[in-house]
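Structure data follow from coords09.txt (compact mmCIF, C-alpha atoms and all ligand atoms):
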```
# COMPACT_ATOMS: atom_id res chain seq x y z
CA MET A 1 -73.93 -55.09 170.02
CA ASN A 2 -71.95 -57.32 172.30
CA ARG A 3 -74.48 -58.11 175.02
CA PRO A 4 -73.93 -60.73 177.72
CA ALA A 5 -75.00 -64.13 176.36
CA ALA A 6 -78.71 -64.69 176.93
CA ARG A 7 -79.69 -67.63 179.08
CA PRO A 8 -83.17 -69.15 178.64
CA ALA A 9 -85.38 -67.99 181.50
CA GLY A 10 -87.71 -70.53 183.04
CA PRO A 11 -91.11 -69.44 184.29
CA PHE A 12 -89.86 -68.81 187.83
CA GLU A 13 -86.35 -67.81 186.98
CA PRO A 14 -85.59 -64.10 186.82
CA ARG A 15 -83.10 -63.07 184.13
CA LEU A 16 -79.97 -62.07 185.99
CA ASP A 17 -77.46 -62.57 183.17
CA GLY A 18 -76.13 -59.05 183.00
CA LEU A 19 -76.13 -58.15 186.69
CA ALA A 20 -72.83 -57.52 188.39
CA PRO A 21 -73.50 -58.98 191.84
CA ALA A 22 -69.93 -58.32 192.89
CA ALA A 23 -70.19 -54.61 192.06
CA ARG A 24 -69.12 -52.56 195.05
CA GLY A 25 -70.42 -49.33 193.61
CA ALA A 26 -72.27 -47.90 190.64
CA GLY A 27 -68.89 -47.06 189.12
CA ASP A 28 -68.26 -50.76 188.57
CA TYR A 29 -71.04 -50.70 185.98
CA GLU A 30 -69.26 -48.12 183.83
CA ALA A 31 -66.78 -50.49 182.18
CA LEU A 32 -69.40 -53.24 181.97
CA ALA A 33 -71.74 -50.87 180.12
CA ARG A 34 -69.02 -49.69 177.78
CA ALA A 35 -68.36 -53.30 176.76
CA CYS A 36 -72.07 -53.71 175.85
CA LEU A 37 -72.48 -50.58 173.78
CA ASP A 38 -71.64 -49.53 170.26
CA PRO A 39 -68.69 -47.07 170.50
CA GLU A 40 -70.73 -44.21 169.01
CA VAL A 41 -73.52 -44.77 171.55
CA TRP A 42 -70.93 -44.91 174.32
CA ARG A 43 -69.46 -41.61 173.13
CA TYR A 44 -72.93 -40.02 173.07
CA LEU A 45 -73.59 -41.18 176.64
CA SER A 46 -70.24 -40.25 178.13
CA GLU A 47 -69.09 -37.12 176.38
CA GLY A 48 -69.05 -33.61 177.76
CA SER A 49 -69.15 -30.52 175.58
CA GLY A 50 -66.10 -28.51 174.54
CA ALA A 51 -62.94 -29.42 176.40
CA GLY A 52 -64.88 -31.26 179.12
CA LEU A 53 -64.02 -28.61 181.75
CA THR A 54 -67.49 -28.51 183.30
CA MET A 55 -67.77 -32.27 183.40
CA ALA A 56 -64.44 -32.45 185.25
CA ALA A 57 -65.44 -29.55 187.54
CA ASN A 58 -68.55 -31.49 188.60
CA ARG A 59 -66.44 -34.34 189.92
CA ARG A 60 -63.84 -32.08 191.54
CA ALA A 61 -66.53 -30.21 193.45
CA PHE A 62 -67.79 -33.41 195.08
CA GLU A 63 -64.28 -34.63 195.82
CA HIS A 64 -63.47 -31.42 197.67
CA GLN A 65 -66.49 -31.64 199.92
CA GLY A 66 -65.19 -33.40 203.01
CA LEU A 67 -67.19 -35.71 205.26
CA LEU A 68 -66.81 -35.66 209.03
CA PRO A 69 -67.71 -38.71 211.12
CA ARG A 70 -69.99 -38.18 214.12
CA PRO A 71 -69.96 -41.41 216.12
CA LEU A 72 -72.14 -42.17 219.15
CA THR A 73 -75.32 -40.83 217.55
CA ASP A 74 -78.56 -42.79 217.98
CA MET A 75 -79.52 -44.25 214.59
CA SER A 76 -82.36 -46.47 215.76
CA ARG A 77 -84.94 -44.32 213.95
CA GLY A 78 -82.76 -43.70 210.91
CA HIS A 79 -84.44 -43.50 207.50
CA THR A 80 -84.06 -41.82 204.11
CA ARG A 81 -87.72 -41.07 203.38
CA LEU A 82 -89.05 -37.77 202.07
CA VAL A 83 -92.15 -36.24 200.55
CA LEU A 84 -91.57 -34.27 197.37
CA PHE A 85 -94.40 -32.45 195.59
CA GLY A 86 -96.85 -34.51 197.63
CA GLN A 87 -95.22 -37.80 196.61
CA ALA A 88 -93.78 -40.16 199.22
CA LEU A 89 -90.34 -41.43 198.21
CA GLU A 90 -88.17 -43.99 199.99
CA HIS A 91 -85.01 -42.00 199.37
CA PRO A 92 -83.88 -38.79 197.63
CA ILE A 93 -82.23 -40.36 194.55
CA LEU A 94 -84.33 -39.75 191.44
CA LEU A 95 -83.46 -40.62 187.85
CA ALA A 96 -82.64 -37.68 185.55
CA PRO A 97 -84.23 -37.36 182.11
CA ILE A 98 -82.01 -39.07 179.56
CA ALA A 99 -83.00 -39.20 175.90
CA TYR A 100 -83.43 -42.23 173.62
CA GLN A 101 -82.97 -45.02 176.17
CA ARG A 102 -83.59 -47.78 173.62
CA LEU A 103 -80.09 -46.90 172.39
CA PHE A 104 -78.81 -48.48 175.57
CA HIS A 105 -81.16 -51.44 176.07
CA ALA A 106 -84.06 -52.88 174.08
CA GLU A 107 -86.42 -52.28 177.03
CA GLY A 108 -85.48 -48.60 177.14
CA GLU A 109 -87.30 -46.13 179.34
CA MET A 110 -89.84 -48.70 180.50
CA ALA A 111 -87.06 -50.64 182.21
CA SER A 112 -85.74 -47.52 183.93
CA ALA A 113 -89.23 -46.45 185.04
CA MET A 114 -90.03 -49.87 186.49
CA ALA A 115 -86.71 -50.14 188.27
CA ALA A 116 -87.03 -46.67 189.75
CA ALA A 117 -90.55 -47.33 191.00
CA ALA A 118 -89.55 -50.69 192.47
CA GLN A 119 -86.69 -48.98 194.31
CA GLY A 120 -88.86 -46.25 195.81
CA SER A 121 -87.56 -43.68 193.33
CA CYS A 122 -88.93 -42.10 190.19
CA LEU A 123 -87.79 -41.68 186.56
CA THR A 124 -88.13 -38.31 184.87
CA VAL A 125 -89.13 -39.27 181.33
CA SER A 126 -87.31 -37.21 178.68
CA SER A 127 -89.22 -35.35 175.97
CA LEU A 128 -86.88 -37.30 173.71
CA ALA A 129 -87.92 -40.70 175.09
CA SER A 130 -87.85 -43.56 172.62
CA GLN A 131 -91.04 -45.22 173.89
CA PRO A 132 -94.57 -43.83 174.31
CA LEU A 133 -94.79 -41.82 177.50
CA GLU A 134 -98.11 -43.49 178.39
CA SER A 135 -96.42 -46.93 178.33
CA ILE A 136 -93.56 -45.66 180.47
CA ALA A 137 -95.92 -44.10 183.01
CA ALA A 138 -97.94 -47.35 183.07
CA ALA A 139 -94.75 -49.36 183.65
CA ALA A 140 -93.93 -47.14 186.64
CA ARG A 141 -97.47 -47.52 187.99
CA GLY A 142 -97.28 -51.30 187.55
CA ALA A 143 -94.22 -51.29 189.81
CA GLY A 144 -96.00 -49.19 192.43
CA GLY A 145 -94.70 -45.74 191.56
CA THR A 146 -95.01 -42.85 189.14
CA ALA A 147 -92.86 -41.18 186.50
CA TRP A 148 -92.26 -37.44 186.13
CA PHE A 149 -92.03 -35.82 182.71
CA GLN A 150 -89.31 -33.55 181.34
CA LEU A 151 -90.45 -30.97 178.87
CA TYR A 152 -88.40 -29.44 176.08
CA TRP A 153 -89.98 -26.37 174.50
CA GLN A 154 -91.47 -27.55 171.22
CA GLY A 155 -90.76 -24.43 169.15
CA GLU A 156 -94.09 -22.78 169.96
CA ARG A 157 -96.74 -22.64 172.68
CA ALA A 158 -99.58 -24.87 171.52
CA THR A 159 -97.39 -27.89 170.70
CA THR A 160 -95.52 -27.54 174.00
CA LEU A 161 -98.77 -27.38 175.95
CA ARG A 162 -100.19 -30.42 174.13
CA LEU A 163 -97.12 -32.46 175.09
CA ALA A 164 -97.35 -31.32 178.73
CA GLN A 165 -101.05 -32.13 178.85
CA ARG A 166 -100.38 -35.56 177.40
CA ALA A 167 -97.95 -36.23 180.24
CA GLU A 168 -100.53 -35.02 182.75
CA ALA A 169 -103.20 -37.28 181.20
CA ALA A 170 -100.75 -40.19 181.43
CA GLY A 171 -100.57 -39.63 185.19
CA CYS A 172 -97.21 -37.88 185.50
CA PRO A 173 -97.47 -35.82 188.70
CA VAL A 174 -94.63 -33.37 188.05
CA LEU A 175 -93.27 -31.55 184.97
CA MET A 176 -89.67 -30.43 184.61
CA LEU A 177 -88.92 -27.81 181.96
CA THR A 178 -85.32 -27.97 180.78
CA LEU A 179 -84.10 -24.52 179.76
CA ASP A 180 -80.35 -24.89 179.40
CA ALA A 181 -80.16 -26.59 176.00
CA PRO A 182 -81.98 -24.45 173.42
CA VAL A 183 -79.38 -25.25 170.76
CA LYS A 184 -79.38 -28.95 169.98
CA PRO A 185 -76.79 -29.86 167.37
CA SER A 186 -77.10 -33.61 166.96
CA THR A 187 -73.99 -35.47 168.04
CA LEU A 188 -75.38 -38.88 167.15
CA VAL A 189 -77.01 -40.32 164.06
CA LEU A 190 -79.86 -42.33 165.54
CA PRO A 191 -80.05 -45.95 164.39
CA ALA A 192 -83.14 -46.91 162.39
CA GLY A 193 -86.14 -47.51 164.64
CA ILE A 194 -84.99 -45.25 167.50
CA GLU A 195 -86.57 -41.83 167.62
CA ALA A 196 -88.35 -39.33 169.85
CA VAL A 197 -91.71 -41.05 169.49
CA ASN A 198 -93.66 -38.62 171.68
CA LEU A 199 -92.98 -35.51 169.62
CA GLU A 200 -95.36 -34.28 166.93
CA ALA A 201 -92.34 -33.22 164.87
CA PRO A 202 -88.57 -33.51 165.41
CA LEU A 203 -86.89 -30.54 167.10
CA THR A 204 -85.15 -28.65 164.33
CA PRO A 205 -83.97 -25.06 163.88
CA ALA A 206 -86.24 -22.60 162.08
CA PRO A 207 -85.43 -22.26 158.37
CA ILE A 208 -82.91 -19.47 157.78
CA GLY A 209 -82.31 -17.13 154.86
CA PRO A 210 -79.04 -16.09 153.25
CA GLY A 211 -76.68 -14.44 155.69
CA GLN A 212 -78.67 -15.55 158.73
CA SER A 213 -77.26 -17.59 161.60
CA VAL A 214 -78.41 -21.13 162.34
CA VAL A 215 -77.97 -20.27 166.02
CA PHE A 216 -79.66 -16.85 166.29
CA GLN A 217 -82.35 -17.06 163.60
CA GLY A 218 -82.46 -20.89 163.53
CA TRP A 219 -82.33 -22.59 166.94
CA MET A 220 -83.02 -19.53 169.09
CA ALA A 221 -86.16 -18.74 167.08
CA ARG A 222 -87.51 -22.03 168.46
CA ALA A 223 -86.46 -21.32 172.08
CA PRO A 224 -88.83 -20.01 174.76
CA ASP A 225 -88.51 -16.58 176.37
CA TRP A 226 -89.75 -15.26 179.71
CA GLU A 227 -93.23 -14.54 178.35
CA ASP A 228 -93.49 -18.10 177.12
CA LEU A 229 -92.51 -19.40 180.55
CA ALA A 230 -95.13 -17.18 182.20
CA TRP A 231 -97.75 -18.39 179.69
CA LEU A 232 -96.83 -22.04 180.22
CA ARG A 233 -96.97 -21.76 184.01
CA GLN A 234 -100.42 -20.17 183.75
CA HIS A 235 -101.72 -22.94 181.50
CA LEU A 236 -100.52 -25.91 183.54
CA ARG A 237 -102.05 -27.38 186.65
CA LEU A 238 -99.15 -29.63 187.63
CA PRO A 239 -96.10 -28.52 189.60
CA LEU A 240 -93.55 -27.11 187.14
CA LEU A 241 -89.83 -27.37 187.93
CA VAL A 242 -87.25 -25.48 185.93
CA LYS A 243 -83.97 -27.25 185.15
CA GLY A 244 -80.84 -25.35 184.26
CA LEU A 245 -81.48 -21.82 185.56
CA LEU A 246 -78.32 -20.90 187.47
CA HIS A 247 -78.23 -17.11 187.64
CA ALA A 248 -79.78 -15.71 190.83
CA ASP A 249 -81.82 -13.13 188.87
CA ASP A 250 -83.24 -15.83 186.58
CA VAL A 251 -84.18 -17.99 189.53
CA GLU A 252 -85.92 -15.06 191.20
CA ARG A 253 -87.86 -14.30 188.05
CA ALA A 254 -88.92 -17.93 187.59
CA LEU A 255 -90.18 -18.06 191.19
CA ALA A 256 -92.08 -14.81 190.66
CA LEU A 257 -93.83 -16.49 187.72
CA GLY A 258 -94.96 -19.30 190.01
CA CYS A 259 -92.50 -22.07 189.14
CA ASP A 260 -92.63 -24.75 191.79
CA GLY A 261 -89.08 -26.04 192.03
CA LEU A 262 -85.55 -25.67 190.81
CA VAL A 263 -83.13 -28.27 189.43
CA VAL A 264 -79.61 -26.93 189.81
CA SER A 265 -77.92 -28.62 186.88
CA ASN A 266 -75.33 -28.03 184.19
CA HIS A 267 -76.73 -30.91 182.12
CA GLY A 268 -73.86 -33.17 183.18
CA GLY A 269 -71.37 -30.83 181.47
CA ARG A 270 -72.94 -31.48 178.07
CA VAL A 271 -74.02 -28.00 176.99
CA LEU A 272 -72.05 -24.86 177.92
CA ASP A 273 -68.50 -25.86 178.70
CA GLY A 274 -67.04 -23.49 181.28
CA MET A 275 -70.06 -23.49 183.55
CA PRO A 276 -69.14 -24.02 187.20
CA ALA A 277 -69.95 -27.29 188.90
CA SER A 278 -73.60 -27.37 189.87
CA LEU A 279 -72.58 -28.38 193.41
CA GLU A 280 -70.56 -25.16 193.71
CA LEU A 281 -73.58 -23.05 192.77
CA LEU A 282 -75.95 -24.94 195.02
CA PRO A 283 -75.40 -23.17 198.39
CA GLY A 284 -75.89 -19.71 196.86
CA LEU A 285 -79.08 -20.72 195.09
CA VAL A 286 -80.44 -22.51 198.17
CA HIS A 287 -79.81 -19.34 200.14
CA GLN A 288 -81.55 -17.28 197.49
CA VAL A 289 -84.58 -19.57 197.27
CA ALA A 290 -84.79 -19.55 201.08
CA GLY A 291 -87.19 -22.49 201.34
CA ARG A 292 -89.83 -21.06 198.97
CA VAL A 293 -89.63 -24.14 196.70
CA PRO A 294 -87.65 -27.39 196.74
CA VAL A 295 -84.17 -27.25 195.19
CA LEU A 296 -82.88 -30.41 193.51
CA LEU A 297 -79.40 -31.01 192.10
CA ASP A 298 -77.82 -33.06 189.36
CA SER A 299 -74.52 -33.30 187.47
CA GLY A 300 -71.68 -35.45 188.74
CA ILE A 301 -73.43 -37.63 191.34
CA ARG A 302 -71.60 -40.95 191.27
CA ASP A 303 -72.23 -42.56 194.67
CA GLY A 304 -74.19 -42.28 197.89
CA ARG A 305 -71.58 -40.02 199.49
CA ASP A 306 -72.20 -37.51 196.71
CA VAL A 307 -75.92 -37.66 197.51
CA PHE A 308 -75.09 -36.86 201.14
CA ARG A 309 -72.84 -33.97 200.07
CA ALA A 310 -75.56 -32.46 197.86
CA LEU A 311 -78.11 -32.67 200.67
CA ALA A 312 -75.65 -31.21 203.16
CA LEU A 313 -75.35 -28.21 200.84
CA GLY A 314 -79.11 -27.77 200.79
CA ALA A 315 -80.59 -29.97 198.05
CA GLU A 316 -83.88 -31.72 198.87
CA ALA A 317 -83.09 -34.53 196.45
CA VAL A 318 -80.75 -35.38 193.59
CA LEU A 319 -81.10 -36.68 190.08
CA LEU A 320 -78.76 -39.39 188.91
CA GLY A 321 -77.69 -39.24 185.25
CA ARG A 322 -75.20 -41.45 183.44
CA PRO A 323 -74.66 -44.07 186.20
CA TYR A 324 -78.18 -45.50 185.95
CA VAL A 325 -77.74 -45.81 182.19
CA TRP A 326 -74.64 -47.91 182.85
CA GLY A 327 -76.87 -50.31 184.78
CA LEU A 328 -79.53 -50.16 182.07
CA ALA A 329 -77.04 -50.96 179.31
CA ARG A 330 -75.64 -53.90 181.19
CA ALA A 331 -78.72 -55.53 182.70
CA GLY A 332 -81.91 -53.63 181.84
CA ALA A 333 -84.31 -52.94 184.71
CA LEU A 334 -82.32 -55.09 187.12
CA GLY A 335 -79.18 -53.12 186.38
CA VAL A 336 -80.94 -49.80 187.03
CA ALA A 337 -82.44 -51.19 190.24
CA HIS A 338 -79.04 -52.45 191.37
CA VAL A 339 -77.35 -49.09 190.74
CA LEU A 340 -80.07 -47.31 192.71
CA ARG A 341 -79.78 -49.80 195.56
CA LEU A 342 -76.01 -49.39 195.68
CA LEU A 343 -76.35 -45.61 195.96
CA ARG A 344 -79.03 -45.87 198.60
CA ASP A 345 -76.93 -48.29 200.67
CA GLU A 346 -73.97 -45.91 200.43
CA LEU A 347 -76.16 -43.00 201.45
CA GLU A 348 -77.44 -44.90 204.49
CA ALA A 349 -73.92 -45.92 205.51
CA THR A 350 -72.70 -42.33 205.11
CA MET A 351 -75.60 -41.03 207.20
CA ALA A 352 -74.83 -43.54 209.95
CA LEU A 353 -71.13 -42.65 209.95
CA CYS A 354 -71.84 -38.90 209.92
CA GLY A 355 -74.47 -39.05 212.67
CA CYS A 356 -77.47 -38.14 210.52
CA ALA A 357 -80.61 -40.16 211.14
CA SER A 358 -82.74 -38.31 208.59
CA LEU A 359 -82.41 -36.16 205.50
CA ALA A 360 -83.27 -33.13 207.64
CA ASP A 361 -80.24 -33.95 209.82
CA ILE A 362 -78.05 -33.96 206.70
CA ARG A 363 -79.38 -30.59 205.61
CA ALA A 364 -78.62 -29.25 209.05
CA SER A 365 -75.06 -29.88 207.85
CA ARG A 366 -73.84 -32.18 210.50
CA GLY A 367 -70.89 -34.07 209.10
CA CYS A 368 -69.96 -32.23 205.94
CA GLY A 369 -67.50 -29.45 205.49
CA HIS A 370 -65.53 -27.90 202.68
CA LEU A 371 -61.95 -29.11 202.51
CA PRO A 372 -59.26 -26.79 201.21
CA LYS A 373 -58.40 -27.82 197.64
CA ASP A 374 -54.97 -29.22 198.54
CA SER A 375 -55.99 -31.18 201.63
CA ILE A 376 -56.86 -34.39 199.76
C1 LIG B 1 -77.06 -39.26 177.10
C2 LIG B 1 -77.73 -38.13 177.84
C3 LIG B 1 -78.94 -37.64 177.39
C4 LIG B 1 -79.59 -36.62 178.09
N1 LIG B 1 -80.84 -36.22 177.68
C5 LIG B 1 -81.49 -35.25 178.37
C6 LIG B 1 -82.81 -34.86 178.00
O1 LIG B 1 -83.39 -35.38 177.07
N2 LIG B 1 -83.40 -33.87 178.74
C7 LIG B 1 -82.78 -33.27 179.81
O2 LIG B 1 -83.35 -32.38 180.44
N3 LIG B 1 -81.53 -33.64 180.18
C8 LIG B 1 -80.88 -34.62 179.50
N4 LIG B 1 -79.64 -35.01 179.92
C9 LIG B 1 -79.04 -34.41 181.12
C10 LIG B 1 -79.45 -35.20 182.39
O3 LIG B 1 -80.81 -35.03 182.67
C11 LIG B 1 -78.68 -34.75 183.64
O4 LIG B 1 -78.79 -33.37 183.78
C12 LIG B 1 -77.19 -35.13 183.60
O5 LIG B 1 -76.99 -36.37 182.97
C13 LIG B 1 -76.66 -35.19 185.02
O6 LIG B 1 -75.29 -35.37 185.03
P1 LIG B 1 -74.56 -36.79 185.29
O7 LIG B 1 -74.75 -37.59 184.02
O8 LIG B 1 -73.15 -36.37 185.51
O9 LIG B 1 -75.19 -37.45 186.49
C14 LIG B 1 -78.99 -36.05 179.22
C15 LIG B 1 -77.76 -36.56 179.68
C16 LIG B 1 -77.14 -37.59 179.02
C17 LIG B 1 -75.85 -38.14 179.57
```

Represent the structure from my file as structure tokens, please.
Ligand SMILES: Cc1cc2nc3c(=O)[nH]c(=O)nc-3n(C[C@H](O)[C@H](O)[C@H](O)COP(=O)(O)O)c2cc1C
Amino acid sequence: MNRPAARPAGPFEPRLDGLAPAARGAGDYEALARACLDPEVWRYLSEGSGAGLTMAANRRAFEHQGLLPRPLTDMSRGHTRLVLFGQALEHPILLAPIAYQRLFHAEGEMASAMAAAAQGSCLTVSSLASQPLESIAAAARGAGGTAWFQLYWQGERATTLRLAQRAEAAGCPVLMLTLDAPVKPSTLVLPAGIEAVNLEAPLTPAPIGPGQSVVFQGWMARAPDWEDLAWLRQHLRLPLLVKGLLHADDVERALALGCDGLVVSNHGGRVLDGMPASLELLPGLVHQVAGRVPVLLDSGIRDGRDVFRALALGAEAVLLGRPYVWGLARAGALGVAHVLRLLRDELEATMALCGCASLADIRASRGCGHLPKDSI
């Protein structure tokens, strides 16, 4: 891979070779990352499913959410802090679970976890992480933070519970069960040496007989149902968030089972093409949840203004997906840290311009309103 030329690092000299100090936004890392990555890896990172309609809808939804300046507001006590599931965070920009991060940089998930912790944020470690989850959690702790863990159903109950309990034993304070991707056709042949090292066995469809469907009798035979979710919630002590439930009835049922939070997500437009933008669904789901549990959002966040928009529509926090991987690919932990810092700076500037001194002020919807589709 065509990485920026390595420069020998002296004992007191941090390695800054890949950083883009002139970057004005996270978006500036996109082209830099593309230049570092094998084209197949780039395609895996960037692609949406189907015709890419949902991926495009995610961006359009943010672009149509207008921002209204509110000058003359006192900002002297302004801050972006919050407490989420008992954890104090400096700002509401978390890192979404993204699989196989050693594809993007040799330091993989450990770099992302360290960077997130150092920036007052938190990585959600994917079930498909390419490094041991204990090492990733330790890297986050070493930088003064923690890492959450994302759980994929492992085909049956006992294996799923063992994986969740391993994350708990490693010190992960929150579990996030992703439910929107039960069918996982591989779109990438993993290079030798990169695999989902935390799984007891690779996620594969159940064996099928003649005339059976690889979807119905194969993949879906490995997927959880409502009874499995109820069982899992009963057997876990940690807070359990569900990611990818978007129908009001499903959300209601998950809350009735005791789930502790909701991630409104369409998986970055990578699963069911034709889903609406997650931002569009957010206000309805926030209304439905009515403060019973925190509601988080991902899919399409590209800068700090988008973070503001998501909070104005009721999210407690957001998860950033592809943009932090652009930083990772280009400059490892420093790149991830830089991307996070850029988003946080943009969020603070947006808050100041829109007269919001705290995240609660944003959620009270000062400074954000829906623009008619043809007004910009
Ligand atoms: C390359 C890639 C791998 C992903 N792997 C996972 C995963 O292992 N588990 C999961 O729950 N979501 C996964 N996601 C979805 C992200 O967690 C998140 O929902 C999405 O990237 C947010 O959209 P954005 O990239 O537009 O910010 C993945 C996304 C990408 C781009």

Please report, as JSON lines, each residue of chain A lying at most 8 Å from ligand LIG 1 (chain B), together with the nearest pair of atoms and the separation in Å rounded to one decimal; use only C-alpha atoms and all ligand atoms, and order rows by chain and ascending residue number.
```
{"residue": "A:Tyr44", "atom": "CA", "partner": "B:LIG1", "partner_atom": "C1", "distance": 5.8}
{"residue": "A:Leu45", "atom": "CA", "partner": "B:LIG1", "partner_atom": "C1", "distance": 4.0}
{"residue": "A:Ser46", "atom": "CA", "partner": "B:LIG1", "partner_atom": "C17", "distance": 6.2}
{"residue": "A:Glu47", "atom": "CA", "partner": "B:LIG1", "partner_atom": "C17", "distance": 7.5}
{"residue": "A:Met55", "atom": "CA", "partner": "B:LIG1", "partner_atom": "O8", "distance": 7.1}
{"residue": "A:Asn58", "atom": "CA", "partner": "B:LIG1", "partner_atom": "O8", "distance": 7.4}
{"residue": "A:Ala96", "atom": "CA", "partner": "B:LIG1", "partner_atom": "O3", "distance": 4.3}
{"residue": "A:Pro97", "atom": "CA", "partner": "B:LIG1", "partner_atom": "O3", "distance": 4.2}
{"residue": "A:Ile98", "atom": "CA", "partner": "B:LIG1", "partner_atom": "N1", "distance": 3.6}
{"residue": "A:Ala99", "atom": "CA", "partner": "B:LIG1", "partner_atom": "O1", "distance": 4.0}
{"residue": "A:Tyr100", "atom": "CA", "partner": "B:LIG1", "partner_atom": "C3", "distance": 7.4}
{"residue": "A:Ser126", "atom": "CA", "partner": "B:LIG1", "partner_atom": "O1", "distance": 4.6}
{"residue": "A:Ser127", "atom": "CA", "partner": "B:LIG1", "partner_atom": "O1", "distance": 5.9}
{"residue": "A:Leu128", "atom": "CA", "partner": "B:LIG1", "partner_atom": "O1", "distance": 5.2}
{"residue": "A:Ala129", "atom": "CA", "partner": "B:LIG1", "partner_atom": "O1", "distance": 7.3}
{"residue": "A:Gln150", "atom": "CA", "partner": "B:LIG1", "partner_atom": "O2", "distance": 6.1}
{"residue": "A:Leu151", "atom": "CA", "partner": "B:LIG1", "partner_atom": "O2", "distance": 7.4}
{"residue": "A:Tyr152", "atom": "CA", "partner": "B:LIG1", "partner_atom": "N2", "distance": 7.2}
{"residue": "A:Met176", "atom": "CA", "partner": "B:LIG1", "partner_atom": "O2", "distance": 7.8}
{"residue": "A:Leu177", "atom": "CA", "partner": "B:LIG1", "partner_atom": "O2", "distance": 7.4}
{"residue": "A:Thr178", "atom": "CA", "partner": "B:LIG1", "partner_atom": "O2", "distance": 4.8}
{"residue": "A:Leu179", "atom": "CA", "partner": "B:LIG1", "partner_atom": "O2", "distance": 7.9}
{"residue": "A:Ala181", "atom": "CA", "partner": "B:LIG1", "partner_atom": "O2", "distance": 8.0}
{"residue": "A:Lys243", "atom": "CA", "partner": "B:LIG1", "partner_atom": "O2", "distance": 7.0}
{"residue": "A:Ser265", "atom": "CA", "partner": "B:LIG1", "partner_atom": "O4", "distance": 5.7}
{"residue": "A:Asn266", "atom": "CA", "partner": "B:LIG1", "partner_atom": "O4", "distance": 6.4}
{"residue": "A:His267", "atom": "CA", "partner": "B:LIG1", "partner_atom": "O4", "distance": 3.6}
{"residue": "A:Gly268", "atom": "CA", "partner": "B:LIG1", "partner_atom": "O6", "distance": 3.2}
{"residue": "A:Gly269", "atom": "CA", "partner": "B:LIG1", "partner_atom": "O6", "distance": 7.0}
{"residue": "A:Arg270", "atom": "CA", "partner": "B:LIG1", "partner_atom": "C15", "distance": 7.2}
{"residue": "A:Asp298", "atom": "CA", "partner": "B:LIG1", "partner_atom": "C13", "distance": 5.0}
{"residue": "A:Ser299", "atom": "CA", "partner": "B:LIG1", "partner_atom": "O6", "distance": 3.3}
{"residue": "A:Gly300", "atom": "CA", "partner": "B:LIG1", "partner_atom": "O8", "distance": 3.7}
{"residue": "A:Ile301", "atom": "CA", "partner": "B:LIG1", "partner_atom": "O9", "distance": 5.2}
{"residue": "A:Arg302", "atom": "CA", "partner": "B:LIG1", "partner_atom": "O9", "distance": 6.9}
{"residue": "A:Leu319", "atom": "CA", "partner": "B:LIG1", "partner_atom": "C13", "distance": 6.9}
{"residue": "A:Leu320", "atom": "CA", "partner": "B:LIG1", "partner_atom": "O9", "distance": 4.7}
{"residue": "A:Gly321", "atom": "CA", "partner": "B:LIG1", "partner_atom": "O9", "distance": 3.3}
{"residue": "A:Arg322", "atom": "CA", "partner": "B:LIG1", "partner_atom": "O7", "distance": 3.9}
{"residue": "A:Pro323", "atom": "CA", "partner": "B:LIG1", "partner_atom": "O9", "distance": 6.6}
```

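Between atom CA of A:Gly211 and atom CA of A:Val183 the interatomic distance comes to 18.7 Å.
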
Determine, using all atoms listed in the file, which residues of stretch 265-312 of chain A have any atom at most 10 Å from an atom of stretch 343-347 of chain A, and tabulate each with its shortest atom pair and distance in Å to one decimal place, rows ordered by chain and then rising number, as a tab-separated table.
```
residue	atom	partner	partner_atom	distance
A:Ile301	CA	A:Leu343	CA	9.7
A:Arg302	CA	A:Leu343	CA	8.1
A:Asp303	CA	A:Leu343	CA	5.3
A:Gly304	CA	A:Leu347	CA	4.1
A:Arg305	CA	A:Leu347	CA	5.8
A:Asp306	CA	A:Leu347	CA	8.3
A:Val307	CA	A:Leu347	CA	6.6
A:Phe308	CA	A:Leu347	CA	6.2
A:Arg309	CA	A:Leu347	CA	9.7
```

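Between atom CA of A:Val263 and atom CA of A:Ala138 the interatomic distance comes to 25.0 Å.
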
Atom CA of A:Ala61 to atom CA of A:Phe149, straight-line distance in Å: 28.2 Å

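In this comparison, which uses all atoms listed in the file, the residue of A:Met275, A:Ala116, A:Ala147, A:Leu238 approaching A:Ala56 most closely is A:Met275.
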
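You can rank A:Cys122, A:Phe85, A:Asp273, A:His235 by their closest distance to A:Ala158 using only C-alpha atoms, and at the top of that list sits A:His235.
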
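Each of A:Ile136, A:Ala88, A:Leu94, A:Ala33 was compared to A:Ala113 using all atoms listed in the file, and A:Ile136 turns out to be the nearest.
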